[in-house]
file my_file-v6.cif (mmCIF, C-alpha atoms)
data_start
loop_
_atom_site.group_PDB
_atom_site.id
_atom_site.type_symbol
_atom_site.label_atom_id
_atom_site.label_comp_id
_atom_site.auth_asym_id
_atom_site.auth_seq_id
_atom_site.Cartn_x
_atom_site.Cartn_y
_atom_site.Cartn_z
ATOM 1 C CA MET A 1 78.634 -21.376 58.516
ATOM 2 C CA ASN A 2 76.525 -19.748 55.851
ATOM 3 C CA PRO A 3 73.469 -22.015 55.286
ATOM 4 C CA PHE A 4 73.515 -21.207 51.565
ATOM 5 C CA LEU A 5 76.945 -22.794 51.274
ATOM 6 C CA SER A 6 75.948 -25.867 53.241
ATOM 7 C CA GLN A 7 76.470 -29.246 51.610
ATOM 8 C CA ASP A 8 73.966 -30.866 53.983
ATOM 9 C CA PRO A 9 71.349 -32.654 51.839
ATOM 10 C CA SER A 10 68.589 -31.865 54.330
ATOM 11 C CA GLN A 11 69.357 -28.137 54.229
ATOM 12 C CA LYS A 12 69.482 -28.193 50.436
ATOM 13 C CA ALA A 13 66.135 -30.006 50.330
ATOM 14 C CA ARG A 14 64.576 -27.489 52.706
ATOM 15 C CA ARG A 15 65.813 -24.529 50.653
ATOM 16 C CA LEU A 16 64.618 -26.083 47.392
ATOM 17 C CA ALA A 17 61.173 -26.865 48.805
ATOM 18 C CA ARG A 18 60.800 -23.306 50.076
ATOM 19 C CA ALA A 19 61.950 -21.863 46.733
ATOM 20 C CA LEU A 20 59.531 -24.004 44.725
ATOM 21 C CA ILE A 21 56.566 -23.121 46.940
ATOM 22 C CA SER A 22 57.546 -19.449 47.055
ATOM 23 C CA ASP A 23 57.436 -19.405 43.256
ATOM 24 C CA MET A 24 53.806 -20.570 43.375
ATOM 25 C CA VAL A 25 52.943 -17.639 45.643
ATOM 26 C CA VAL A 26 54.780 -15.151 43.440
ATOM 27 C CA TYR A 27 53.235 -16.371 40.188
ATOM 28 C CA HIS A 28 49.682 -16.910 41.474
ATOM 29 C CA PRO A 29 48.929 -14.355 44.222
ATOM 30 C CA ALA A 30 45.217 -13.947 43.420
ATOM 31 C CA LYS A 31 44.695 -17.694 43.163
ATOM 32 C CA ARG A 32 46.391 -18.109 46.557
ATOM 33 C CA ARG A 33 44.221 -15.430 48.173
ATOM 34 C CA GLU A 34 41.120 -17.098 46.743
ATOM 35 C CA GLY A 35 42.235 -20.521 47.983
ATOM 36 C CA ILE A 36 42.956 -19.253 51.494
ATOM 37 C CA ARG A 37 39.665 -17.364 51.590
ATOM 38 C CA ASP A 38 37.565 -20.248 50.280
ATOM 39 C CA GLY A 39 39.520 -23.134 51.821
ATOM 40 C CA THR A 40 40.354 -24.545 48.381
ATOM 41 C CA LEU A 41 44.155 -24.264 48.217
ATOM 42 C CA LYS A 42 44.655 -28.001 47.678
ATOM 43 C CA GLN A 43 42.271 -28.079 44.750
ATOM 44 C CA LEU A 44 43.354 -24.810 43.158
ATOM 45 C CA PHE A 45 47.059 -25.616 43.327
ATOM 46 C CA GLU A 46 46.823 -29.348 42.620
ATOM 47 C CA GLU A 47 48.741 -29.189 39.325
ATOM 48 C CA GLU A 48 51.380 -26.744 40.572
ATOM 49 C CA ILE A 49 51.958 -28.836 43.700
ATOM 50 C CA LYS A 50 52.299 -32.016 41.651
ATOM 51 C CA LYS A 51 54.817 -30.423 39.257
ATOM 52 C CA SER A 52 56.791 -28.893 42.130
ATOM 53 C CA TRP A 53 56.850 -32.215 44.014
ATOM 54 C CA GLU A 54 58.202 -33.944 40.911
ATOM 55 C CA GLU A 55 60.899 -31.283 40.531
ATOM 56 C CA PHE A 56 61.738 -31.476 44.239
ATOM 57 C CA SER A 57 61.952 -35.286 44.190
ATOM 58 C CA GLU A 58 64.071 -35.267 41.069
ATOM 59 C CA GLN A 59 66.556 -32.744 42.441
ATOM 60 C CA VAL A 60 66.950 -34.052 45.998
ATOM 61 C CA GLY A 61 66.321 -37.726 45.281
ATOM 62 C CA ARG A 62 63.211 -39.741 46.029
ATOM 63 C CA ASP A 63 64.615 -41.074 49.351
ATOM 64 C CA VAL A 64 65.310 -37.608 50.764
ATOM 65 C CA ALA A 65 62.031 -36.227 49.423
ATOM 66 C CA GLU A 66 59.923 -38.982 50.938
ATOM 67 C CA SER A 67 61.766 -39.182 54.257
ATOM 68 C CA SER A 68 61.582 -35.470 55.071
ATOM 69 C CA SER A 69 58.734 -33.084 55.756
ATOM 70 C CA HIS A 70 60.424 -30.146 53.995
ATOM 71 C CA PHE A 71 57.996 -30.012 51.074
ATOM 72 C CA ARG A 72 54.864 -30.299 53.235
ATOM 73 C CA ASP A 73 56.295 -27.800 55.735
ATOM 74 C CA ALA A 74 56.894 -25.293 52.933
ATOM 75 C CA LEU A 75 53.356 -25.799 51.616
ATOM 76 C CA ASN A 76 51.887 -25.094 55.058
ATOM 77 C CA GLU A 77 54.219 -22.242 55.998
ATOM 78 C CA ILE A 78 54.378 -20.422 52.675
ATOM 79 C CA LEU A 79 51.412 -21.351 50.484
ATOM 80 C CA ALA A 80 48.889 -21.858 53.312
ATOM 81 C CA ASP A 81 50.172 -18.833 55.260
ATOM 82 C CA GLY A 82 51.073 -20.878 58.348
ATOM 83 C CA LYS A 83 47.936 -22.992 58.463
ATOM 84 C CA GLN A 84 48.237 -26.804 58.647
ATOM 85 C CA ILE A 85 46.377 -27.637 55.436
ATOM 86 C CA PHE A 86 48.773 -30.084 53.763
#

call {"tool": "encode", "arguments": {"input": "my_file-v6.cif", "output": "structure tokens"}}
result
Amino acid sequence: MNPFLSQDPSQKARRLARALISDMVVYHPAKRREGIRDGTLKQLFEEEIKKSWEEFSEQVGRDVAESSSHFRDALNEILADGKQIF
């Protein structure tokens, strides 16, 4: 089955988390490079992460958001370039 057509809430949450974090990378590439270089990703992206978490929680529901690691996984895989920072 095509994962994009999946009705599974966990799959939807994972896709949304990855999309929200990918947008941060696309819109702030220099800021991301600086944060990775200087070890300041958490501080530099604090506002963007907060806004994205709120959007994520609102769309998937607080229970799903808080009971899954999708958002944190996306932060580490996409924003932190595979490093376990979040």

call {"tool": "resolve_selection", "arguments": {"input": "my_file-v6.cif", "expression": "the PyMOL selection byres ((chain A and resi 79-85) around 8)", "output": "PDB file with C-alpha atoms, in the coordinates of the input"}}
result
ATOM      1  CA  ILE A  21      56.566 -23.121  46.940  1.00  0.00           C
ATOM      2  CA  SER A  22      57.546 -19.449  47.055  1.00  0.00           C
ATOM      3  CA  MET A  24      53.806 -20.570  43.375  1.00  0.00           C
ATOM      4  CA  VAL A  25      52.943 -17.639  45.643  1.00  0.00           C
ATOM      5  CA  ARG A  32      46.391 -18.109  46.557  1.00  0.00           C
ATOM      6  CA  ILE A  36      42.956 -19.253  51.494  1.00  0.00           C
ATOM      7  CA  LEU A  41      44.155 -24.264  48.217  1.00  0.00           C
ATOM      8  CA  LYS A  42      44.655 -28.001  47.678  1.00  0.00           C
ATOM      9  CA  ALA A  74      56.894 -25.293  52.933  1.00  0.00           C
ATOM     10  CA  LEU A  75      53.356 -25.799  51.616  1.00  0.00           C
ATOM     11  CA  ASN A  76      51.887 -25.094  55.058  1.00  0.00           C
ATOM     12  CA  GLU A  77      54.219 -22.242  55.998  1.00  0.00           C
ATOM     13  CA  ILE A  78      54.378 -20.422  52.675  1.00  0.00           C
ATOM     14  CA  PHE A  86      48.773 -30.084  53.763  1.00  0.00           C
TER      15      PHE A  86
END

call {"tool": "closest_atom_pairs", "arguments": {"input": "my_file-v6.cif", "of": "segment 60-85 of chain A", "to": "segment 11-15 of chain A", "cutoff": "9 Å", "atoms": "all atoms listed in the file", "output": "tab-separated table"}}
result
residue	atom	partner	partner_atom	distance
A:Val60	CA	A:Ala13	CA	6.0
A:Val64	CA	A:Ala13	CA	7.7
A:Ala65	CA	A:Ala13	CA	7.5
A:Ser68	CA	A:Ala13	CA	8.5
A:Ser69	CA	A:Arg14	CA	8.6
A:His70	CA	A:Arg14	CA	5.1
A:Phe71	CA	A:Arg14	CA	7.2
A:Asp73	CA	A:Arg14	CA	8.8
A:Ala74	CA	A:Arg14	CA	8.0

call {"tool": "resolve_selection", "arguments": {"input": "my_file-v6.cif", "expression": "the PyMOL selection byres ((chain A and resi 56) around 8)", "output": "PyMOL selection string"}}
result
chain A and resi 13+16-17+20+52-55+57-61+65+71

call {"tool": "axis_aligned_box", "arguments": {"input": "my_file-v6.cif", "around": "segment 29-46 of chain A", "padding_each_side": "8 Å", "output": "AutoDock Vina command-line options"}}
result
--center_x 43.2 --center_y -21.6 --center_z 47.2 --size_x 27.4 --size_y 31.4 --size_z 25.2

call {"tool": "decode", "arguments": {"input": "my_file-v6.cif", "residues": "segment 40-63 of chain A", "atoms": "C-alpha atoms", "output": "short mmCIF file (atom, residue, chain, number, x, y, z; two decimals), in the first residue's frame"}}
result
data_model
loop_
_atom_site.label_atom_id
_atom_site.label_comp_id
_atom_site.auth_asym_id
_atom_site.auth_seq_id
_atom_site.Cartn_x
_atom_site.Cartn_y
_atom_site.Cartn_z
CA THR A 40 23.66 25.84 18.72
CA LEU A 41 20.78 24.31 16.75
CA LYS A 42 18.47 24.16 19.78
CA GLN A 43 18.97 27.82 20.57
CA LEU A 44 18.89 29.10 17.00
CA PHE A 45 15.74 27.19 16.08
CA GLU A 46 13.93 27.52 19.41
CA GLU A 47 11.04 29.60 18.02
CA GLU A 48 10.66 27.58 14.82
CA ILE A 49 10.67 24.32 16.79
CA LYS A 50 8.06 25.64 19.21
CA LYS A 51 5.76 26.80 16.39
CA SER A 52 6.20 23.53 14.49
CA TRP A 53 5.50 21.47 17.63
CA GLU A 54 2.29 23.43 18.19
CA GLU A 55 1.23 22.85 14.58
CA PHE A 56 2.16 19.16 14.82
CA SER A 57 0.25 18.69 18.10
CA GLU A 58 -2.77 20.51 16.76
CA GLN A 59 -2.95 18.45 13.58
CA VAL A 60 -2.25 14.98 14.98
CA GLY A 61 -3.73 15.50 18.44
CA ARG A 62 -1.90 16.02 21.70
CA ASP A 63 -2.10 12.30 22.65
#
